[in-house]
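What's in query10.csv: CSV, C-alpha atoms
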chain,number,residue,atom,x,y,z
A,1,MET,CA,-57.5,12.3,75.6
A,2,ILE,CA,-53.9,11.2,76.2
A,3,SER,CA,-53.0,12.5,79.7
A,4,THR,CA,-49.7,13.9,81.0
A,5,ARG,CA,-48.4,14.3,84.5
A,6,LEU,CA,-45.1,15.5,86.2
A,7,THR,CA,-43.4,14.6,89.4
A,8,ASN,CA,-40.0,13.4,90.7
A,9,SER,CA,-39.3,10.6,93.2
A,10,HIS,CA,-36.5,8.4,94.3
A,11,PRO,CA,-36.7,4.7,95.4
A,12,VAL,CA,-36.3,3.9,99.1
A,13,ASP,CA,-36.2,0.7,101.1
A,14,ARG,CA,-39.9,0.4,101.5
A,15,ARG,CA,-39.8,-3.0,103.3
A,16,ARG,CA,-37.6,-1.7,106.1
A,17,PHE,CA,-39.6,1.5,106.5
A,18,LEU,CA,-43.0,-0.3,106.6
A,19,GLN,CA,-41.7,-3.0,109.0
A,20,GLY,CA,-40.7,-0.2,111.3
A,21,MET,CA,-44.2,1.3,111.1
A,22,GLY,CA,-45.7,-2.1,111.9
A,23,VAL,CA,-48.0,-2.3,108.9
A,24,VAL,CA,-46.6,-5.3,107.0
A,25,LEU,CA,-49.4,-7.9,106.9
A,26,ALA,CA,-49.0,-11.6,107.5
A,27,LEU,CA,-49.7,-12.6,103.9
A,28,PRO,CA,-47.5,-14.4,101.4
A,29,TRP,CA,-44.9,-12.2,99.8
A,30,LEU,CA,-45.1,-11.3,96.1
A,31,GLU,CA,-41.5,-10.4,95.8
A,32,SER,CA,-39.7,-9.4,92.7
A,33,GLU,CA,-37.1,-12.0,91.6
A,34,ALA,CA,-34.9,-9.4,90.0
A,35,MET,CA,-31.8,-8.1,91.6
A,36,VAL,CA,-31.6,-4.4,92.5
A,37,ASP,CA,-28.1,-3.8,90.9
A,38,ALA,CA,-29.5,-1.4,88.3
A,39,PRO,CA,-32.7,0.5,87.9
A,40,ARG,CA,-35.2,-0.9,85.5
A,41,THR,CA,-37.8,0.8,83.4
A,42,LYS,CA,-41.1,-0.2,85.0
A,43,ARG,CA,-44.5,-0.2,83.2
A,44,LEU,CA,-48.0,-0.4,84.5
A,45,VAL,CA,-51.1,-1.5,82.6
A,46,CYS,CA,-54.6,-1.4,84.2
A,47,VAL,CA,-57.6,-3.1,82.6
A,48,GLY,CA,-61.1,-2.7,84.0
A,49,ASN,CA,-64.4,-4.1,83.0
A,50,HIS,CA,-67.5,-2.2,84.2
A,51,LEU,CA,-69.9,-5.2,84.4
A,52,GLY,CA,-67.6,-7.4,86.5
A,53,PHE,CA,-67.0,-11.1,86.1
A,54,TYR,CA,-69.4,-13.7,87.3
A,55,PRO,CA,-67.7,-15.2,90.4
A,56,GLY,CA,-68.6,-18.8,89.5
A,57,ASN,CA,-66.8,-18.3,86.1
A,58,PHE,CA,-63.9,-16.4,87.5
A,59,PHE,CA,-62.5,-17.7,90.8
A,60,PRO,CA,-60.8,-21.2,90.9
A,61,LYS,CA,-62.1,-23.5,93.6
A,62,ALA,CA,-58.6,-24.4,94.9
A,63,ALA,CA,-56.0,-22.2,96.3
A,64,GLY,CA,-52.3,-22.2,95.3
A,65,LYS,CA,-50.6,-22.9,92.0
A,66,ASP,CA,-52.3,-26.2,91.2
A,67,TYR,CA,-55.8,-24.8,90.8
A,68,VAL,CA,-58.0,-26.0,88.0
A,69,PRO,CA,-58.6,-22.9,85.8
A,70,SER,CA,-62.1,-21.5,85.7
A,71,SER,CA,-63.8,-20.8,82.3
A,72,THR,CA,-62.8,-17.2,82.5
A,73,LEU,CA,-59.1,-18.0,83.4
A,74,ASN,CA,-58.7,-20.8,81.0
A,75,PRO,CA,-57.6,-18.6,78.1
A,76,LEU,CA,-54.7,-17.4,80.3
A,77,GLU,CA,-53.6,-21.0,81.1
A,78,LYS,CA,-50.3,-20.7,79.2
A,79,HIS,CA,-49.4,-17.7,81.4
A,80,ARG,CA,-50.3,-19.5,84.6
A,81,ASP,CA,-46.8,-19.1,86.1
A,82,ASP,CA,-46.9,-15.4,85.5
A,83,LEU,CA,-50.1,-14.4,87.2
A,84,THR,CA,-51.8,-14.3,90.6
A,85,VAL,CA,-55.6,-14.4,91.1
A,86,PHE,CA,-56.9,-12.8,94.3
A,87,SER,CA,-60.0,-13.8,96.3
A,88,ASN,CA,-61.8,-11.8,99.0
A,89,LEU,CA,-60.4,-8.3,98.1
A,90,ASP,CA,-62.5,-5.2,97.7
A,91,HIS,CA,-62.7,-1.6,98.8
A,92,GLY,CA,-65.7,-2.0,101.1
A,93,LEU,CA,-67.8,0.1,98.7
A,94,ASN,CA,-71.5,-0.2,97.9
A,95,GLY,CA,-73.6,1.4,95.2
A,96,GLY,CA,-73.5,-1.0,92.3
A,97,HIS,CA,-72.7,0.8,89.0
A,98,ARG,CA,-71.9,4.0,90.9
A,99,ALA,CA,-69.2,2.3,92.9
A,100,VAL,CA,-67.4,0.8,89.9
A,101,GLN,CA,-65.6,4.1,89.4
A,102,GLY,CA,-63.7,3.3,92.6
A,103,PHE,CA,-61.9,0.2,91.2
A,104,LEU,CA,-58.5,2.0,90.9
A,105,THR,CA,-59.2,4.6,93.5
A,106,SER,CA,-60.9,2.8,96.4
A,107,ILE,CA,-63.0,6.0,96.8
A,108,LYS,CA,-66.3,7.1,95.3
A,109,LYS,CA,-66.3,10.6,93.8
A,110,GLU,CA,-68.9,11.9,96.3
A,111,GLU,CA,-66.7,10.8,99.2
A,112,ALA,CA,-63.4,12.1,97.8
A,113,ALA,CA,-63.4,15.4,99.8
A,114,GLY,CA,-62.6,13.6,103.0
A,115,PHE,CA,-59.3,12.1,101.7
A,116,PRO,CA,-56.0,13.9,101.5
A,117,GLU,CA,-55.5,13.0,97.8
A,118,LYS,CA,-59.2,13.0,96.8
A,119,ASN,CA,-60.0,10.0,94.5
A,120,ILE,CA,-56.9,9.9,92.4
A,121,SER,CA,-56.5,6.6,90.6
A,122,LEU,CA,-53.7,4.1,90.7
A,123,ASP,CA,-52.7,4.8,87.1
A,124,GLN,CA,-52.5,8.6,87.6
A,125,ILE,CA,-50.2,8.3,90.6
A,126,ALA,CA,-48.0,6.1,88.5
A,127,ALA,CA,-48.2,8.7,85.7
A,128,GLU,CA,-47.1,11.5,88.1
A,129,HIS,CA,-44.1,9.3,88.9
A,130,VAL,CA,-43.2,9.0,85.2
A,131,GLY,CA,-43.5,12.7,84.6
A,132,SER,CA,-41.9,14.0,81.5
A,133,SER,CA,-39.7,10.9,81.0
A,134,THR,CA,-42.0,9.8,78.2
A,135,ARG,CA,-44.1,11.8,75.7
A,136,PHE,CA,-47.2,10.7,77.4
A,137,SER,CA,-47.1,10.0,81.1
A,138,SER,CA,-50.2,7.9,80.6
A,139,ILE,CA,-52.6,6.8,77.8
A,140,ASN,CA,-56.2,6.0,78.7
A,141,THR,CA,-58.3,4.0,76.3
A,142,GLY,CA,-61.7,2.5,76.3
A,143,ILE,CA,-64.3,0.4,74.5
A,144,VAL,CA,-67.5,2.6,74.8
A,145,ASN,CA,-68.1,4.8,77.8
A,146,GLY,CA,-69.3,4.0,81.3
A,147,THR,CA,-66.4,2.8,83.5
A,148,ASP,CA,-65.1,6.1,84.7
A,149,MET,CA,-61.9,4.4,85.9
A,150,CYS,CA,-59.2,7.1,85.8
A,151,TRP,CA,-59.2,10.2,88.0
A,152,THR,CA,-56.6,13.0,88.6
A,153,ARG,CA,-55.4,14.3,91.9
A,154,ALA,CA,-57.9,17.1,91.6
A,155,GLY,CA,-60.8,14.6,91.4
A,156,VAL,CA,-61.3,15.2,87.6
A,157,HIS,CA,-62.3,12.2,85.5
A,158,VAL,CA,-59.8,11.3,82.7
A,159,PRO,CA,-62.0,10.2,79.7
A,160,PRO,CA,-60.6,7.3,77.7
A,161,VAL,CA,-59.8,7.5,74.0
A,162,ASN,CA,-62.5,5.5,72.3
A,163,ASN,CA,-61.2,5.7,68.7
A,164,PRO,CA,-58.1,3.5,67.8
A,165,ALA,CA,-57.3,5.8,64.9
A,166,THR,CA,-57.2,8.8,67.2
A,167,LEU,CA,-54.8,6.9,69.5
A,168,PHE,CA,-52.6,5.8,66.6
A,169,ARG,CA,-52.3,9.4,65.3
A,170,GLY,CA,-51.4,10.7,68.8
A,171,LEU,CA,-48.7,8.1,69.3
A,172,PHE,CA,-47.1,7.8,65.9
A,173,VAL,CA,-48.1,10.6,63.4
A,174,ASN,CA,-46.0,13.8,63.5
A,175,SER,CA,-47.9,17.1,63.1
A,176,PRO,CA,-46.8,19.4,60.3
A,177,GLN,CA,-44.4,22.2,61.3
A,178,ARG,CA,-47.0,24.9,60.9
A,179,GLU,CA,-49.3,23.1,63.4
A,180,ARG,CA,-46.5,22.6,65.9
A,181,GLU,CA,-45.7,26.4,65.8
A,182,ALA,CA,-49.3,27.2,66.3
A,183,GLN,CA,-49.5,24.9,69.2
A,184,ARG,CA,-46.3,26.4,70.7
A,185,THR,CA,-48.0,29.8,70.5
A,186,ARG,CA,-51.1,28.5,72.2
A,187,LEU,CA,-49.1,26.9,75.0
A,188,LYS,CA,-47.3,30.2,75.6
A,189,HIS,CA,-50.5,32.1,75.9
A,190,GLN,CA,-52.1,29.4,78.1
A,191,GLY,CA,-49.0,29.5,80.4
A,192,SER,CA,-49.3,33.3,80.8
A,193,ALA,CA,-53.0,33.0,81.6
A,194,LEU,CA,-52.3,30.4,84.3
A,195,ASP,CA,-49.6,32.6,85.8
A,196,ALA,CA,-52.1,35.4,86.2
A,197,LEU,CA,-54.8,33.1,87.6
A,198,ARG,CA,-52.4,31.6,90.2
A,199,ASP,CA,-51.2,35.1,91.3
A,200,SER,CA,-54.8,36.3,91.7
A,201,ALA,CA,-55.8,33.2,93.6
A,202,ASN,CA,-52.9,33.4,96.0
A,203,ALA,CA,-53.8,37.1,96.8
A,204,LEU,CA,-57.4,36.1,97.3
A,205,ASN,CA,-56.5,33.3,99.7
A,206,ARG,CA,-55.5,35.7,102.5
A,207,THR,CA,-59.1,37.0,102.7
A,208,LEU,CA,-61.0,33.7,102.7
A,209,ASN,CA,-62.4,31.6,105.5
A,210,ALA,CA,-61.3,28.0,106.1
A,211,GLY,CA,-64.1,26.5,103.9
A,212,ASP,CA,-63.4,28.8,101.0
A,213,ARG,CA,-59.7,28.2,101.3
A,214,ASN,CA,-60.2,24.5,100.9
A,215,LYS,CA,-62.2,25.1,97.7
A,216,LEU,CA,-59.5,27.4,96.4
A,217,ASP,CA,-56.9,24.8,97.2
A,218,GLN,CA,-58.7,22.3,95.1
A,219,TYR,CA,-58.8,24.9,92.3
A,220,LEU,CA,-55.1,25.6,92.6
A,221,THR,CA,-54.4,21.8,92.5
A,222,SER,CA,-56.2,21.8,89.1
A,223,VAL,CA,-54.2,24.8,87.9
A,224,ARG,CA,-50.9,23.1,88.9
A,225,ASP,CA,-51.9,20.0,87.1
A,226,VAL,CA,-52.6,22.0,83.9
A,227,GLU,CA,-49.2,23.7,84.3
A,228,ARG,CA,-47.4,20.4,84.5
A,229,ARG,CA,-49.1,19.2,81.3
A,230,LEU,CA,-48.3,22.4,79.5
A,231,GLN,CA,-44.6,22.1,80.4
A,232,MET,CA,-44.5,18.5,79.2
A,233,SER,CA,-46.2,19.4,75.9
A,234,LYS,CA,-43.5,22.1,75.3
A,235,GLU,CA,-40.7,19.6,76.0
A,236,TRP,CA,-41.9,17.0,73.5
A,237,LEU,CA,-43.4,19.3,70.8
A,238,ASN,CA,-40.5,19.1,68.3
A,239,ARG,CA,-39.3,15.6,69.1
A,240,PRO,CA,-40.1,13.1,66.4
A,241,LYS,CA,-42.5,10.3,67.2
A,242,PRO,CA,-41.4,6.7,66.8
A,243,GLU,CA,-42.1,4.6,63.8
A,244,PRO,CA,-44.7,1.9,64.5
A,245,SER,CA,-44.3,-1.7,63.5
A,246,MET,CA,-47.8,-1.9,62.2
A,247,GLY,CA,-49.8,-0.2,59.4
A,248,GLU,CA,-51.7,3.0,60.0
A,249,VAL,CA,-55.0,2.6,61.9
A,250,LEU,CA,-57.6,4.5,59.9
A,251,ASP,CA,-61.0,6.0,60.9
A,252,GLU,CA,-63.6,3.4,59.9
A,253,GLU,CA,-66.6,1.6,61.2
A,254,ARG,CA,-65.7,-1.2,63.5
A,255,GLN,CA,-67.3,-3.6,65.9
A,256,HIS,CA,-66.3,-3.4,69.5
A,257,ILE,CA,-65.1,-6.9,69.3
A,258,ASP,CA,-62.4,-5.7,66.8
A,259,GLU,CA,-61.4,-2.7,68.9
A,260,VAL,CA,-60.4,-4.8,72.0
A,261,ALA,CA,-57.5,-6.5,70.2
A,262,LEU,CA,-56.6,-3.3,68.4
A,263,PHE,CA,-56.3,-1.2,71.6
A,264,TYR,CA,-54.2,-4.0,73.1
A,265,ASP,CA,-51.9,-3.9,70.1
A,266,LEU,CA,-51.6,-0.1,70.3
A,267,MET,CA,-50.9,-0.2,74.1
A,268,ALA,CA,-48.2,-2.8,73.5
A,269,LEU,CA,-46.6,-0.6,70.9
A,270,ALA,CA,-46.8,2.5,73.1
A,271,LEU,CA,-45.0,0.6,75.9
A,272,GLN,CA,-42.5,-1.0,73.6
A,273,THR,CA,-41.5,2.4,72.0
A,274,ASP,CA,-41.4,4.0,75.4
A,275,SER,CA,-44.0,6.5,74.3
A,276,THR,CA,-45.6,5.9,77.7
A,277,ARG,CA,-45.1,3.6,80.7
A,278,VAL,CA,-48.7,3.7,82.0
A,279,ALA,CA,-51.7,2.6,80.0
A,280,THR,CA,-55.3,1.8,80.8
A,281,LEU,CA,-58.1,0.0,79.0
A,282,GLU,CA,-61.8,0.2,80.0
A,283,THR,CA,-64.6,-2.0,78.8
A,284,GLY,CA,-67.9,-0.2,79.3
A,285,MET,CA,-71.5,-1.3,79.6
A,286,GLY,CA,-72.4,-0.9,75.9
A,287,PHE,CA,-70.0,-3.7,74.7
A,288,ARG,CA,-71.8,-5.6,71.9
A,289,THR,CA,-71.9,-9.4,71.8
A,290,ALA,CA,-73.7,-10.1,68.5
A,291,GLU,CA,-70.3,-10.8,66.9
A,292,LEU,CA,-69.9,-13.6,69.4
A,293,ASP,CA,-73.2,-15.2,68.1
A,294,LEU,CA,-75.0,-14.7,71.4
A,295,GLU,CA,-78.7,-14.2,71.9
A,296,PHE,CA,-78.5,-11.4,74.5
A,297,GLY,CA,-76.5,-8.2,74.9
A,298,TYR,CA,-73.6,-8.1,77.4
A,299,HIS,CA,-75.5,-5.9,79.9
A,300,GLY,CA,-78.4,-8.3,79.8
A,301,LEU,CA,-76.2,-11.3,80.3
A,302,SER,CA,-74.5,-9.7,83.3
A,303,HIS,CA,-77.9,-9.3,84.9
A,304,HIS,CA,-78.4,-13.1,84.5
A,305,GLY,CA,-80.8,-13.6,87.4
A,306,LYS,CA,-79.1,-17.0,88.0
A,307,SER,CA,-80.3,-18.3,84.6
A,308,ASP,CA,-78.1,-21.1,83.5
A,309,ASP,CA,-78.5,-20.2,79.9
A,310,ARG,CA,-77.5,-16.5,80.5
A,311,ILE,CA,-74.6,-17.5,82.7
A,312,GLY,CA,-73.4,-19.9,79.9
A,313,GLN,CA,-73.5,-17.1,77.4
A,314,LEU,CA,-71.8,-14.8,79.8
A,315,ARG,CA,-69.1,-17.4,80.1
A,316,VAL,CA,-68.4,-16.8,76.4
A,317,VAL,CA,-68.0,-13.1,76.7
A,318,GLU,CA,-65.8,-13.2,79.7
A,319,ALA,CA,-63.5,-15.9,78.1
A,320,PHE,CA,-63.3,-13.6,75.1
A,321,LEU,CA,-62.0,-10.7,77.2
A,322,THR,CA,-59.4,-12.8,79.0
A,323,ALA,CA,-58.3,-14.4,75.6
A,324,LYS,CA,-57.5,-10.9,74.4
A,325,LEU,CA,-55.6,-10.2,77.6
A,326,SER,CA,-53.7,-13.4,77.0
A,327,GLY,CA,-52.8,-12.2,73.5
A,328,PHE,CA,-51.6,-8.9,75.0
A,329,ILE,CA,-49.4,-10.7,77.5
A,330,SER,CA,-47.9,-12.8,74.7
A,331,ARG,CA,-47.1,-9.7,72.8
A,332,LEU,CA,-45.3,-8.1,75.8
A,333,LYS,CA,-43.3,-11.3,76.2
A,334,GLU,CA,-42.3,-11.2,72.5
A,335,ALA,CA,-41.2,-7.6,72.9
A,336,GLN,CA,-39.2,-8.7,76.0
A,337,ILE,CA,-40.8,-6.1,78.3
A,338,PHE,CA,-43.2,-8.3,80.2
A,339,ASP,CA,-41.0,-8.9,83.2
A,340,ASN,CA,-40.8,-5.1,83.7
A,341,THR,CA,-44.5,-4.6,83.2
A,342,LEU,CA,-47.2,-5.2,85.8
A,343,VAL,CA,-50.7,-5.8,84.5
A,344,VAL,CA,-53.7,-5.2,86.7
A,345,PHE,CA,-56.9,-6.8,85.5
A,346,GLY,CA,-60.3,-6.9,87.0
A,347,SER,CA,-63.4,-4.8,87.9
A,348,GLY,CA,-65.0,-2.7,90.5
A,349,MET,CA,-68.1,-4.9,90.2
A,350,SER,CA,-68.2,-8.6,91.2
A,351,ASP,CA,-71.6,-10.1,90.2
A,352,GLY,CA,-73.4,-7.7,87.9
A,353,SER,CA,-76.7,-9.4,88.6
A,354,SER,CA,-76.7,-8.5,92.3
A,355,HIS,CA,-74.8,-5.3,91.7
A,356,SER,CA,-72.2,-6.4,94.2
A,357,ASN,CA,-69.0,-4.5,94.8
A,358,ARG,CA,-67.6,-7.1,97.2
A,359,ASN,CA,-65.1,-9.8,96.6
A,360,LEU,CA,-63.9,-8.2,93.4
A,361,PRO,CA,-62.3,-10.2,90.5
A,362,VAL,CA,-58.7,-9.2,90.5
A,363,LEU,CA,-55.5,-10.6,89.0
A,364,LEU,CA,-51.9,-9.4,88.6
A,365,ALA,CA,-49.7,-10.5,85.8
A,366,GLY,CA,-46.0,-10.0,85.0
A,367,GLY,CA,-43.7,-7.7,87.0
A,368,ASP,CA,-41.1,-10.5,87.5
A,369,LEU,CA,-42.9,-11.4,90.7
A,370,LYS,CA,-43.0,-14.7,92.5
A,371,HIS,CA,-46.6,-15.4,91.6
A,372,LYS,CA,-48.8,-17.4,93.8
A,373,GLY,CA,-51.5,-18.9,91.5
A,374,HIS,CA,-54.7,-18.4,93.3
A,375,LEU,CA,-54.2,-16.4,96.5
A,376,VAL,CA,-57.1,-16.7,98.9
A,377,CYS,CA,-57.1,-13.7,101.3
A,378,PRO,CA,-59.0,-13.7,104.7
A,379,ALA,CA,-62.8,-13.8,104.2
A,380,GLU,CA,-63.7,-12.9,107.8
A,381,GLN,CA,-64.7,-9.3,108.1
A,382,ARG,CA,-62.3,-8.4,111.0
A,383,LYS,CA,-59.4,-10.0,109.0
A,384,ARG,CA,-60.2,-8.7,105.6
A,385,VAL,CA,-57.5,-6.8,103.7
A,386,PRO,CA,-58.4,-3.7,101.7
A,387,LEU,CA,-57.7,-4.0,98.0
A,388,SER,CA,-56.1,-0.5,98.2
A,389,ASN,CA,-53.3,-2.2,100.2
A,390,LEU,CA,-52.5,-4.2,97.1
A,391,TRP,CA,-52.6,-1.0,95.0
A,392,LEU,CA,-50.2,0.6,97.4
A,393,SER,CA,-47.8,-2.3,96.9
A,394,VAL,CA,-48.2,-2.0,93.1
A,395,LEU,CA,-47.2,1.7,93.3
A,396,GLN,CA,-44.1,0.8,95.4
A,397,TRP,CA,-43.2,-1.9,92.9
A,398,PHE,CA,-43.5,0.9,90.2
A,399,GLY,CA,-41.0,3.0,92.1
A,400,SER,CA,-43.4,5.5,93.8
A,401,GLU,CA,-42.6,6.8,97.2
A,402,ALA,CA,-46.2,6.6,98.3
A,403,ASP,CA,-46.8,5.3,101.8
A,404,ARG,CA,-50.6,5.2,101.6
A,405,PHE,CA,-53.2,5.1,98.9
A,406,GLY,CA,-56.9,5.7,99.2
A,407,ARG,CA,-58.3,3.5,102.0
A,408,SER,CA,-55.1,1.5,102.5
A,409,THR,CA,-54.1,0.5,106.0
A,410,GLY,CA,-50.6,-0.5,104.9
A,411,THR,CA,-49.0,-2.6,102.2
A,412,PHE,CA,-50.6,-5.8,101.0
A,413,SER,CA,-47.3,-7.6,100.9
A,414,PRO,CA,-43.7,-6.2,100.6
A,415,MET,CA,-42.7,-6.0,96.9
A,416,LYS,CA,-39.0,-5.5,96.3
A,417,ILE,CA,-38.3,-2.2,94.5
A,418,GLY,CA,-35.9,-3.0,91.7
Could you take the file, read its structure, and then write that structure out as structure tokens?
Amino acid sequence: MISTRLTNSHPVDRRRFLQGMGVVLALPWLESEAMVDAPRTKRLVCVGNHLGFYPGNFFPKAAGKDYVPSSTLNPLEKHRDDLTVFSNLDHGLNGGHRAVQGFLTSIKKEEAAGFPEKNISLDQIAAEHVGSSTRFSSINTGIVNGTDMCWTRAGVHVPPVNNPATLFRGLFVNSPQREREAQRTRLKHQGSALDALRDSANALNRTLNAGDRNKLDQYLTSVRDVERRLQMSKEWLNRPKPEPSMGEVLDEERQHIDEVALFYDLMALALQTDSTRVATLETGMGFRTAELDLEFGYHGLSHHGKSDDRIGQLRVVEAFLTAKLSGFISRLKEAQIFDNTLVVFGSGMSDGSSHSNRNLPVLLAGGDLKHKGHLVCPAEQRKRVPLSNLWLSVLQWFGSEADRFGRSTGTFSPMKIG
């Protein structure tokens, strides 16, 4: 499923506003080096791995820019100046695999009702900001199922596209005229049905108690989301899709190891052609490792039980994943869009063996930021900074007017909007 969202927003001086509210934290700034003379097209990529990254393989031992790269970060060494690794950030969640879904939301689905914007994910708020400026306000991809990383404002899971050929056709293959006319007719009928549903729901609202009105409000939120997507589909229906700079991706049997690089290539093309400005990639639990000549499956390796042998094999898998990320970053640089693209990489799981959701592996790359190398945040409980503070700053970098996100208590550090 390639998702679409619609909203309008205008940049504001976030630093001045937040300083006035007293929520700027005493942490090093990650400030954009770009001037604000002209608006730039911003792009956001979020990559999440369900099984986490073993802390001993991921986090450097030293803070700052002169750290010795860990085995997991070593494939990213040539991009050292363009990324920041964060220690001691998380959402304060528990639940092991069930809490991984909160990586980009900070909120588990079963707790979402208590928050104003439910458990909407970072990428989907960015997608709402993009609206109909691109054919797809976001594309969501994944290697096997299991991460549940992306969620709409109505608390509905956005399933990833698991087939590279399906994604290629959606991005670059134009439908025949007859199919487009049939789709236009379907969109018209669907829009009429939604109008009727909304009118009936509004009339019913006057007769309901507070609890039922809340349920109806959630329903109407879903209806409005569908209406936005229908409107966007109409706007782009007859516009030709861009020509890709790669051969057609066909339906064929592939190993997961091949799909990782292929999805990264397709995401890079989608961003380069401005087919979308928001993209996600999920790596689920069923990722196969036989192609890496390893004895155990990935899930088994993540539950290493502190076995040196399994941790050593896990090191191979995790370095493979960051090597593919490194290739993606190189491609964005070649396309000259890296400085305007912010890449979020990490997991809602820390150590898969202990099912820990604390001290999550997180890094940011790109965005024309003044990157800090390895940024060690406060470890003491009373001084800890919510990861959602960082997500709020990412949204403001992207241009969103959001002043809170999930469990945020403020911004992580002021990021210049520009």
- Task: Write out as a list in words each polymer residue whose atoms come within 8 Å of A:Arg277, counting all atoms listed in the file; drop sequence neighbours fewer than 4 positions from it.
- Result: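 Listing them by chain and then by number gives Lys42, Arg43, Leu44, Ala127, Val130, Thr134, Ser137, Ser138, Ala270 and Leu271 of chain A.
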- Quick one: everything within 12 Å of A:Lys241, counting all atoms listed in the file, minus sequence neighbours fewer than 2 positions away in the same chain. Send it as a VMD selection string. chain A and resid 134 to 136 168 to 175 236 to 239 243 to 244 270 273 to 276
- Residues within 8 Å of A:Thr105, all atoms listed in the file, excluding chain neighbours under 6 positions, as a ChimeraX atom specification: /A:119-122,151,388,406
Using only C-alpha atoms, please write the residues we just selected to a file, as a PDB file, keeping the file's coordinate frame.
ATOM      1  CA  ASN A 119     -60.000  10.000  94.500  1.00  0.00           C
ATOM      2  CA  ILE A 120     -56.900   9.900  92.400  1.00  0.00           C
ATOM      3  CA  SER A 121     -56.500   6.600  90.600  1.00  0.00           C
ATOM      4  CA  LEU A 122     -53.700   4.100  90.700  1.00  0.00           C
ATOM      5  CA  TRP A 151     -59.200  10.200  88.000  1.00  0.00           C
ATOM      6  CA  SER A 388     -56.100  -0.500  98.200  1.00  0.00           C
ATOM      7  CA  GLY A 406     -56.900   5.700  99.200  1.00  0.00           C
TER       8      GLY A 406
END
Please provide as an mmCIF file with C-alpha atoms, keeping the file's coordinate frame all residues within 10 Å of A:Asn340, with the sequence filter that same-chain residues fewer than 3 positions apart are discarded (counting only C-alpha atoms).
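Saved result, around.cif, follows:
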data_model
loop_
_atom_site.group_PDB
_atom_site.id
_atom_site.type_symbol
_atom_site.label_atom_id
_atom_site.label_comp_id
_atom_site.auth_asym_id
_atom_site.auth_seq_id
_atom_site.Cartn_x
_atom_site.Cartn_y
_atom_site.Cartn_z
ATOM 1 C CA ALA A 34 -34.900 -9.400 90.000
ATOM 2 C CA ARG A 40 -35.200 -0.900 85.500
ATOM 3 C CA THR A 41 -37.800 0.800 83.400
ATOM 4 C CA LYS A 42 -41.100 -0.200 85.000
ATOM 5 C CA ARG A 43 -44.500 -0.200 83.200
ATOM 6 C CA LEU A 44 -48.000 -0.400 84.500
ATOM 7 C CA LEU A 332 -45.300 -8.100 75.800
ATOM 8 C CA GLN A 336 -39.200 -8.700 76.000
ATOM 9 C CA ILE A 337 -40.800 -6.100 78.300
ATOM 10 C CA VAL A 343 -50.700 -5.800 84.500
ATOM 11 C CA GLY A 366 -46.000 -10.000 85.000
ATOM 12 C CA GLY A 367 -43.700 -7.700 87.000
ATOM 13 C CA ASP A 368 -41.100 -10.500 87.500
ATOM 14 C CA LEU A 369 -42.900 -11.400 90.700
ATOM 15 C CA PHE A 398 -43.500 0.900 90.200
ATOM 16 C CA GLY A 418 -35.900 -3.000 91.700
#
- May I ask which of the residues A:Ile311, A:Val68, A:Leu281, A:Leu269 is the closest one to A:Lys324, counting all atoms listed in the file?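 Smallest distance to A:Lys324 is found for A:Leu281.
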- Message: Taking (-80.3, -13.0, 87.9) as a centre in this file's frame and 12 Å as the limit, can you find every polymer residue with an atom that close, using all atoms listed in the file, and give them as a PyMOL selection string?
- Response: chain A and resi 54+299-311+314+351-355
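Residue nearest A:Phe53, chosen from A:Gly346, A:Gly312, A:Gly327, A:Pro159 and counting only C-alpha atoms: A:Gly346.
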- Could you work out how far atom CA of A:Asp251 lies from atom CA of A:Ala319, giving the answer in Å with one decimal? 28.0 Å
- Query: Of the candidates A:Leu375, A:His97, A:Gly284, A:Val156, which shows the shortest atom-to-atom distance to A:Ala112, using only C-alpha atoms?
  - Reply: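 Smallest distance to A:Ala112 is found for A:Val156.
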- Query: Skipping near chain neighbours, those fewer than 3 positions away, what residues fall within 12 Å of A:His157 using only C-alpha atoms, listed as a PyMOL selection string?
  - Reply: chain A and resi 1+3+101-102+105+108-109+118-121+124+140+146-154+160+222
- Message: Using Å and a single decimal, report how far atom CA of A:Ser326 sits from atom CA of A:Leu76.
- Response: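 According to the coordinates, atom CA of A:Leu76 and atom CA of A:Ser326 are separated by 5.3 Å.
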- Query: Between atom CA of A:Leu364 and atom CA of A:Leu167, what is the distance, to one decimal in Å?
  - Reply: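 About the pair atom CA of A:Leu364 and atom CA of A:Leu167: they are 25.3 Å apart.
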- Item | Among the residues A:Leu387, A:Val376, A:Val316, A:Ile143, the one that comes closest to A:Asn357 [using all atoms listed in the file] | A:Leu387
Could you please fill out stretch 397-401 of chain A with N, CA and C atoms and send it back as a compact mmCIF listing (two decimals), keeping the file's coordinate frame?
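To be explicit, this is the file written out as selection31.txt:
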# COMPACT_ATOMS: atom_id res chain seq x y z
N TRP A 397 -43.89 -1.07 93.89
CA TRP A 397 -43.20 -1.90 92.90
C TRP A 397 -42.79 -0.94 91.70
N PHE A 398 -43.69 -0.03 91.33
CA PHE A 398 -43.50 0.90 90.20
C PHE A 398 -42.36 1.88 90.49
N GLY A 399 -42.09 2.10 91.77
CA GLY A 399 -41.00 3.00 92.10
C GLY A 399 -41.55 4.27 92.86
N SER A 400 -42.85 4.37 93.07
CA SER A 400 -43.40 5.50 93.80
C SER A 400 -43.03 5.51 95.24
N GLU A 401 -42.91 6.67 95.82
CA GLU A 401 -42.60 6.80 97.20
C GLU A 401 -43.85 6.84 98.11
